[in-house]
Structures are given as structure tokens and as C-alpha cells.
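Trainee: Before I ask anything, let me first share the structure, which is written out below as C-alpha cells.
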Amino acid sequence: MSLTEARPADAEPPGEPSTSRPAWRRAPIFPILLIWIVLTALLVAFALVVPARLMGAAASPTMREIETTFTSFSLAAAPVAALVWAILLYSLVAWRYRGGGRPTDPGPPVRGNNRVQVVWVVVSTALCLFLLIWGLIVIQPSTSEASSTQAPLVVDVTGQQWVWNFEYPAAPGAQSDELYLPVNQRVLFRVTSKDVVHSFWITQMGVKVDANPGATTTISVTPDRLGTFDIRCAELCGLYHSYMQTHVHVVRAEEFRSWLATAASQAPTGEVPSPSPSGTATS
Amino acid sequence: MSATTVETPDTSPAAPTPEMGGFIRRLNAVTGVVLGLVLAVVAWQVSSRLLPQPEELSHNHHDDAVMIITFSVWAIGFLIGIGAFVGPVRWLLGRDLTEADEEFLAGKDQGVARYFRFTTDHKVVGIQYLVLTMVLFGVGGLLAMLIRTNLIRPGSPFLNPTEYNAIVGLHGIIMIIATIVMVTGPFGNFIVPIMIGARDMAFPRLNALSFWLLFSAVPVLLAAFPLGGIATGWSAYAPLSDQSPLGMDAFLVTIVIFAVSSGVAGANMTTTVVRMRARGMSWTRTPIFVFGTTTSVALGLVAFPMFMVAMILLAMDRGLGATFYVASGGGSPWLYANLFWLMGHPEVYVILLPAFAALLEITPVFTRKPLFSFTAAVVGIAGIVGLSLFVWAHHMYVAGWAPALNGPFMVTTEMISVPTGLLILVLLGTLWRGVVWTRLPVLAVYFVLWNFIIGGVTGIYLSDVPVDQAEHGSMFVTAHFHYTLMGGALTATMGAVAFWFPKMTARMLDERVGKIGFWTAQIGFNITFLGMFAVGLAGQPRRVADPSSTFAAGNLVSSLGAYVIGIGMLIFLYAIVHSWRNGEPAPGNPWGGKTLEWQVPTPVPLENFAVPPVVTSDFYSYGEPPETPAPESVSVPRPADAAAPGERPLEGSAS
């Protein structure tokens, strides 16, 4: 660094102007505060209503948690965004140079303001920590859930250009191209692919995991709403990627049992599966 | 280094026999194209005959190998034909270039022809980059229009899935390359050397080489069109890229050439900035834009080799039947994903840093205020650079590659918002109570802060693992990165174009037409991508040719918005082209800027500075007592000292 530093005598940049506080130091706090509050209110209203409405009704606790996270992050971000935009708006109106030609008078030579910088860094770090802690806590339950007493229903999901195939090891031979799940029971998906990378996405349940060839990934969810929801492929997988979609039917437990029995009895005609010893998941 | 080009009066053993010089004088882009094409055809014929025929291999690797060889030979032939290697070859033969040859290479007295030669003058290279970038944006933008037209209503009314996928990938990679070079290419080459008081880059021939390498990659990339396009998206995830049509070979050769080009450019620019700053320009007096471009290209030096390696492995998979990414052969798609994102995330900061730095340079000029905290800006840039190397796997939260690492990567990713926030603080602090002269360049600051806040906040959602589980791979992600890269970086670059246009073209940009185009594009941009956020949240995946009719309304809005962007960009382009040809002549310093590039005459003379400048303070002393009377006193060469300081900086850089 000092290689190019020719004259240390002049190295000091001109510091803070040491004169008494001139007029420009009196910041226009009030109008900016007003714009800030208005913008914050608008953004908060937006954050409370719009994203959740767009994401639609959640069909699992996972998705509900995601929507909560989304909303609370939006609420945390609202005042920050509003502050930046308030200053921008105000500066554009109040500090705009209205003369013709190039401005002749310079603006106030402010070089830094320790208080502002410290407050800014502390607040942004605090917000960042809030997001981090929130995020780290939210990703925990998925592991604690794994140790819950009830063994999950296992579904083997196989992606293949450009269909999804579902197998239910609990009923050997049962398979389908639309997913059937019992309501309020934890499901463990074991996801893989026969060809390229796909991504298994149940939109309304907030479930997504890649289907990789040569590897099995897992994800679990507890559907808690009856109905039919969307399954899409979320990783470009070739020609008909946009048509690699199907449905999941969340039904009552007894309906599911009878469906599973039917599926197991009628499916295997062509390709009789070996009586799989590990029918239910023990992991 | 450039000392040889610089010291005109210095009489070297001048025996420039005209015949010797005559050879380079006959080479230009046309001879390059001709030789490139001839050699490519030869390579194509030879390799398709000599390589084992398809039936001898399990897959059709033959055609891939032929394509890869042909494209590579084209690039090498083009560079030979344009004279890229004349200098080194002559040096090896013991007949190094003479003074006259060097001056010819620098483009002295050649008019427009110098833009079509292997010209070493950094200002020529800067203009070449500017034009090439605009051409790339034109092509990429046109493809975006085709994409949006296809999505205007459900049922894929306009393109079939093959065409759609091909176009999506091409749009992606063309835009990525264009945004990577859009600031460091034109302005890093043209402006930065002047800004630091240098007479050229450290390695002028490498500078020309970096541009013509990139240029040679463009026809290769465009050749992907007839070869089935890039049907994988620009991320080219394996093993889909293993089974893609021949366009993928064009893609991978393009990336390798591009990585070499950016490596050459990065090494050159880094050296230039570290070694060739003017006397007295300590790091604390170096303009912030120089920090932005230098950190960007230095980060590129780390990032792009990853992509190159990924592509070389892909070339082996495709051309030789290797199985680096094929699970059935013991490979792993995760290998590709890691290599790709090791490039992919630093890369977005390669794009953003110089664009933000341009705004940091623009704002003091148009508020007539010092930069609010130079230190905070540098710390912000350094923080972003440092963290950006450790965030790549946030693109792989749902890949299943290493779920245990999701937490740590979430931490690094969210931490990056703190240094980014510092840069925003510096912009706001500089605007604070400024004399805001609302010309086009500073409008970019306003729009960038609007757009980038949206892009940044949505990025925070995506950095959160659970939210990403819902939004990964959806149009929400597409909207997010368009907000950062287009709404942030490209918008900032439009401001930078408006800012430096008078210096680079010696004409004033038509402010009125430019503003109309700029506003139109910005409004269209927000319509398009707010609509895209909506369909993303509602569950539309990325890169689908025929989205479900559930998303019809949002897609219609996005498509209409995209046309508005297109119209706005055309108006902006018209302003540029029209002003470049017929604009009113620009004075040397139209904005009253203090950095060195505004102190040299316009058009900038070949060697920039008659006398190397001496820097005695930083360049942001607007309104500060000692500097107020004459901005020139900051930096301008004092003719009285002409002899002495003319020597000293050279000493300094040599010691």
C-alpha cells in the first residue's frame, strides 16, 4: 500500500468541518418521519395480506410455518425499506436542484457521521440476527419430528422424464401416478430419479426436494387438510418439464386404507414385486 | 509494461522496416473471421473423419467431440487471424515489435478502423466492450420478448417446448455474460485507467486479447441456435446437459472462452490498479469505482475457473463418454451443482459490485457532496467480497446434497445483507441534504435503490431454508434475481452509460429521450417482475413453456410489462445511437466531476495525460474549503513540473 503513498504529509483527508453547527445540520426529521410512518403502514398492510393470499391456503403445518416466516420477515423488512424509500422520496422533492445548468453551490461537506453509521450497522446486524435465529429455530423441528413416536407412512417417489411415480412400501405393489395420502399422518418421501435431476414439489404443503439420479433424498410432511393439491417438477428436466405435474389427494385415513388395498391388489398384475421385507419404515 | 507505448519522444533503436510492420497492418477482424472459418471447416472435416464413428460408441459422442473441436479451432483461428499472437511470436523470433508497430497497435491515427483491429488502446477496448455488450443485450432482450410472448396466455401459443427451452437457456447465458462485462468491460477499460492516472492498462495486448476472446465466443454461442439451443437453462444442470442437443457443446466452449477472457482481463485490470495508480494516489484516495471494478474482476478470477472446470468435465462427459456427472457411471450431479454455484454466487457480486460502485461514483457528483464515508463503502465492498465466496450452497438447500450445511450457509447468506446495507447507507448519506441535480445518472441511483430493496428483501426470504423450500425453483426466484441483476445492476449501468457517455463518445447523451426510455423501461420492469413474484408465490415453476392456466392473469401482466421494457430499452438505445452520431459535442467536464477522467480533454488523447498527474487529496472534496475555488487543483498536471513528475511515477511503479 505504501508503495504509492508518496507524501504522507498530505495523506490525511480533510476531516469533519470543525465549525459550529450550520443550518444544514438541522435535519428535516419530521417530514421524513411522516413519510416513513405512512410507507411503513402501507408495507405492513401489504405484507399481512398479499403474500399469504397469493400463496393460498396451506395444506400442512410446514407450509403454515413458511407463510408465517414470510410474513414476519416482511414485517421486519417493512420499516427498513420504508426508511430508504422515505429518504429517497423526500430528497427528490425537497433537495432537488431546480436551477438551470450545473449547480454552482456545493452541498454540505458531510463526511460520515459516526452515530448514524454505528446505529445503522447495529440495527442491520440485529435484524440479520433476528432472521438468523428465527430461521435456525424453524429448521429444527423437522429433525425433532423425526423422533416422534408414530412411524411415518413411507412413499417412494420416482421422477422420470416427465412423470412422477409413487410407490407405497406399506402395501407392496401399490403404485400410482397421482399421490394419495391420509390426512394428519406424517409422511416420509424417499425421492429419487431415473434420469435427470427433477424437483419434487407439493406446492400447497411447502414440500420440495430434488430427485437426483443415483441418490435418494428424503423429506417429510404431515398433510392436515383434505383436498386435492398440486405436485409440480421444480427443476428444468427437459422437453416436457412444464407438463411434469400431477395431483396429491389428501383423504381420510380409512379411505386411504381402502384405496391402498385396491391399488395393491390391482396394480401388480404385470410386474409382480418381490415381497418387500421392509414394508414400513423403521428408520 | 506500457512504458514502451507511452514514451513517444523516447527514441528507441528505430529500425521499423515497413515490410515488417506491414504484416500486422493487414490483419483485422475480417482476416480473423476468414482464418477462423477456414480452420474451423478444416477441423470439422478432419475430426469428423478421424474420430471413431457413432456406432463404435455407446452414445453419439462423435458429433459432440467434432463440435467441441470445431468451435475451439474457430476461436484459435480467429485470434491468429486478427493478429493476437503477432507480438509474442515476433518476440520469440527475436524481432520484437518496434515503436512504430506499438503505436499502430495502439490504434494511432486509424479512425474507425481501429475498432476492428487488435487494438491495444484501452479506450478502444472500452468502446468495443460497450458496443458488444449492447449487442448482447439486444439479442438477449429479443429472446426475452419471445419468452414473454409465449407465456402471454396458457397453452404455449407461440413456441413449441423445444424452441422454448432452447430460447430460455440462450436468454439466460447471453444476459449473464452481458451483465458480467457490462461495467468492467466498457467502463473498467475506458474509465478506470484514466481515473487512476495511467496512460494505458498494464498489459495492453492482453487487454485486446480479452475483448477479442469474448468476441470470438459470441458466434459460438449464437451457433447454439441452429444446433438445438441450450435446452437446459443457463445453469445447465447435469445430467440433463449430458443428454442435451449439440447446442450444449457451443455453450460449453463459449464458457471456456469466456472464462479465459475474463481471467486475462481480471489479471490485467488488477495489475493495472495495484501498480499503475498516479503518484500520490494512495488507497484512501483511490476512487471508489476503482475499488468496485477491481474487486469485481478479482472475484471473477476466483469464480470463473470453477465454471470452466465444470464445462471441461462436461466436455469430457459429452465428447469422450466420461461420467463425471452421470450417476450410473459413478459420477454425481452434485459435483456439477457445486462447481456451478461456486462460480454462480460470487458471480452475482461480480455483476453487482462495479454497478454499485458506479452509483457511489455518480452520487457525489450529482449531489455536490463528498462521498458519505469512503471507509464504510470500502468495508462494505470488502465484506461482500469475503462473504460471497462462502454462500454458494444456498442454491442447493433442497438438492439433498448436504442438509446439515443448510444452517451454516443460511448464516453466511444472511450476513451478507450487513455489508450490502452499508453501501446503501453510503448512497443515502451522500444524497442527504445534497443539491440533487436530477440528471439521468442520478435517477439511476433512485431506481436502483427502489428495485434493489425489493430484490434484496426477497433474497432474504430465499436465504431462509424453510421459505426456500417453498419458493426454490419457482418464478419467485426468477423475479428476485431480475430485481437484483436487472433492476439493480443493469439500471445502475444505464446510469453509468449516461454519466460517462460524454467522456467516451465526446457527445452529450440526449437527456430528454434518454429519460423517456429510462422511465419507460423502469415502469415496465416493475410491472413485469412484480407480476412474476405473484405467480411465483402462487406456485409457478421456473422455465415452464406452458404454465398452468391458474397463473394466466399474472403471466399476462408480466408479458405486457415486458413489452413496456422492450419499448423503453429501444427508446434508450435510440438516444444512445442518435446522440453518438449527432449529439451536441461534450465539454471535457460536463458534470463538474473531480475524478481524473474529467480533467483530461474530450476526446481523450491517445496517451490520456500529457503529463502524469499527481494526486494530493481524494476526489470527493465537494464544498470543502481548500478545494472549493478550483476543482482543477485536486489533480491536474502542473505544466511547470512537467519534466520531473513525468519520471517519478514510473520509478514508483518499477520499484
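Ligands are numbered from 1 in the order shown, residues from 1 within each chain, and chains are lettered A, B, ... in the order they appear in the C-alpha cells.
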Please produce, as CSV, a per-residue contact table for chain A versus chain B (criterion: any atom at most 6 Å away, only C-alpha atoms considered), showing the nearest atom pair and its distance in Å to one decimal, sorted by chain then residue number.
Mentor:
```
residue,atom,partner,partner_atom,distance
A:Thr4,CA,B:Ser282,CA,5.7
A:Glu5,CA,B:Ser282,CA,4.9
A:Ala6,CA,B:Gly280,CA,5.0
A:Leu54,CA,B:Ala538,CA,5.2
A:Met55,CA,B:Ala538,CA,4.8
A:Ile66,CA,B:Val467,CA,5.3
A:Trp95,CA,B:Val436,CA,5.7
A:Arg96,CA,B:Val436,CA,4.6
A:Tyr97,CA,B:Trp437,CA,5.0
A:Pro106,CA,B:Arg368,CA,4.8
A:Gly107,CA,B:Gly434,CA,4.8
A:Pro109,CA,B:Gly623,CA,5.4
A:Arg111,CA,B:Phe372,CA,4.9
A:Gly112,CA,B:Ser373,CA,4.5
A:Ser124,CA,B:Val418,CA,5.9
A:Gly135,CA,B:Asp464,CA,5.9
A:Val196,CA,B:Leu240,CA,5.4
A:Thr203,CA,B:Gly539,CA,5.9
A:Gly206,CA,B:Ala470,CA,4.6
A:Lys208,CA,B:Gln469,CA,5.4
A:Val209,CA,B:Val398,CA,4.8
A:Asp210,CA,B:Ala399,CA,4.8
A:Gly214,CA,B:Ala327,CA,5.1
A:Thr217,CA,B:Gly400,CA,5.6
A:Ala234,CA,B:Gly473,CA,5.1
A:Leu239,CA,B:Pro161,CA,5.8
A:Ser242,CA,B:Val544,CA,4.5
```
Trainee: Please report, as number ranges by chain, each residue of segment 14-228 of chain A to which DSSP assigns alpha helix (DSSP H) when run on this structure's backbone.
Mentor: A: 29-55, 61-94, 114-138, 141-146
Trainee: Which residues, written as a list in words, have at least one atom at most 7 Å from segment 338-354 of chain B, with only C-alpha atoms counted and residues fewer than 6 positions away on the same chain left out?
Mentor: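 Non-adjacent residues within range: Thr179, Ile180, Val183, Thr184, Phe289, Gly292, Thr293, Ser296, Val297, Leu299, Gly300, Ala303, Phe304, Met306, Phe307, Ala310, Ser388, Leu389, Val391, Trp392, Ala393 and Ala489 of chain B.
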Trainee: Just the selected residues (N, CA and C atoms), exported as an mmCIF file, in the first residue's frame, please.
Mentor:
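Result saved to out_25.cif:
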```
data_model
loop_
_atom_site.group_PDB
_atom_site.id
_atom_site.type_symbol
_atom_site.label_atom_id
_atom_site.label_comp_id
_atom_site.auth_asym_id
_atom_site.auth_seq_id
_atom_site.Cartn_x
_atom_site.Cartn_y
_atom_site.Cartn_z
ATOM 1 N N THR B 179 -24.223 -9.013 -18.561
ATOM 2 C CA THR B 179 -24.202 -8.270 -17.293
ATOM 3 C C THR B 179 -22.848 -8.386 -16.609
ATOM 4 N N ILE B 180 -22.159 -9.504 -16.810
ATOM 5 C CA ILE B 180 -20.840 -9.624 -16.180
ATOM 6 C C ILE B 180 -19.887 -8.585 -16.755
ATOM 7 N N VAL B 183 -20.130 -3.482 -16.927
ATOM 8 C CA VAL B 183 -19.478 -2.346 -16.272
ATOM 9 C C VAL B 183 -17.967 -2.452 -16.385
ATOM 10 N N THR B 184 -17.422 -3.593 -16.010
ATOM 11 C CA THR B 184 -15.969 -3.719 -16.043
ATOM 12 C C THR B 184 -15.449 -3.714 -17.477
ATOM 13 N N PHE B 289 -15.043 3.765 -7.458
ATOM 14 C CA PHE B 289 -15.363 2.946 -8.634
ATOM 15 C C PHE B 289 -14.209 2.000 -8.960
ATOM 16 N N GLY B 292 -14.582 -0.899 -6.822
ATOM 17 C CA GLY B 292 -15.672 -1.761 -7.296
ATOM 18 C C GLY B 292 -15.246 -2.640 -8.460
ATOM 19 N N THR B 293 -14.600 -2.034 -9.457
ATOM 20 C CA THR B 293 -14.216 -2.834 -10.627
ATOM 21 C C THR B 293 -13.111 -3.825 -10.266
ATOM 22 N N SER B 296 -14.384 -6.671 -8.312
ATOM 23 C CA SER B 296 -15.235 -7.491 -9.179
ATOM 24 C C SER B 296 -14.394 -8.428 -10.044
ATOM 25 N N VAL B 297 -13.375 -7.874 -10.705
ATOM 26 C CA VAL B 297 -12.599 -8.753 -11.587
ATOM 27 C C VAL B 297 -11.752 -9.723 -10.761
ATOM 28 N N LEU B 299 -12.677 -11.065 -7.965
ATOM 29 C CA LEU B 299 -13.616 -12.120 -7.590
ATOM 30 C C LEU B 299 -13.878 -13.039 -8.784
ATOM 31 N N GLY B 300 -13.929 -12.435 -9.955
ATOM 32 C CA GLY B 300 -14.097 -13.237 -11.169
ATOM 33 C C GLY B 300 -12.936 -14.193 -11.382
ATOM 34 N N ALA B 303 -13.909 -17.032 -9.394
ATOM 35 C CA ALA B 303 -15.181 -17.681 -9.699
ATOM 36 C C ALA B 303 -15.176 -18.415 -11.042
ATOM 37 N N PHE B 304 -14.757 -17.730 -12.104
ATOM 38 C CA PHE B 304 -14.998 -18.307 -13.426
ATOM 39 C C PHE B 304 -14.204 -19.574 -13.727
ATOM 40 N N MET B 306 -14.001 -21.998 -11.861
ATOM 41 C CA MET B 306 -14.881 -23.082 -11.414
ATOM 42 C C MET B 306 -15.821 -23.507 -12.540
ATOM 43 N N PHE B 307 -16.367 -22.489 -13.211
ATOM 44 C CA PHE B 307 -17.306 -22.752 -14.297
ATOM 45 C C PHE B 307 -16.565 -23.436 -15.450
ATOM 46 N N ALA B 310 -16.049 -26.971 -14.599
ATOM 47 C CA ALA B 310 -17.317 -27.694 -14.748
ATOM 48 C C ALA B 310 -17.589 -27.998 -16.209
ATOM 49 N N SER B 388 -19.090 -13.517 -0.124
ATOM 50 C CA SER B 388 -19.683 -14.090 -1.333
ATOM 51 C C SER B 388 -19.047 -15.422 -1.720
ATOM 52 N N LEU B 389 -17.860 -15.680 -1.185
ATOM 53 C CA LEU B 389 -17.211 -16.949 -1.515
ATOM 54 C C LEU B 389 -17.765 -18.107 -0.684
ATOM 55 N N VAL B 391 -21.165 -18.646 0.238
ATOM 56 C CA VAL B 391 -22.627 -18.713 0.271
ATOM 57 C C VAL B 391 -23.210 -19.630 -0.802
ATOM 58 N N TRP B 392 -22.341 -20.269 -1.599
ATOM 59 C CA TRP B 392 -22.856 -20.869 -2.832
ATOM 60 C C TRP B 392 -23.928 -21.924 -2.603
ATOM 61 N N ALA B 393 -23.818 -22.685 -1.499
ATOM 62 C CA ALA B 393 -24.738 -23.819 -1.379
ATOM 63 C C ALA B 393 -26.147 -23.398 -0.982
ATOM 64 N N ALA B 489 -28.333 -3.980 -11.023
ATOM 65 C CA ALA B 489 -27.077 -3.789 -11.761
ATOM 66 C C ALA B 489 -27.283 -3.140 -13.130
#
```
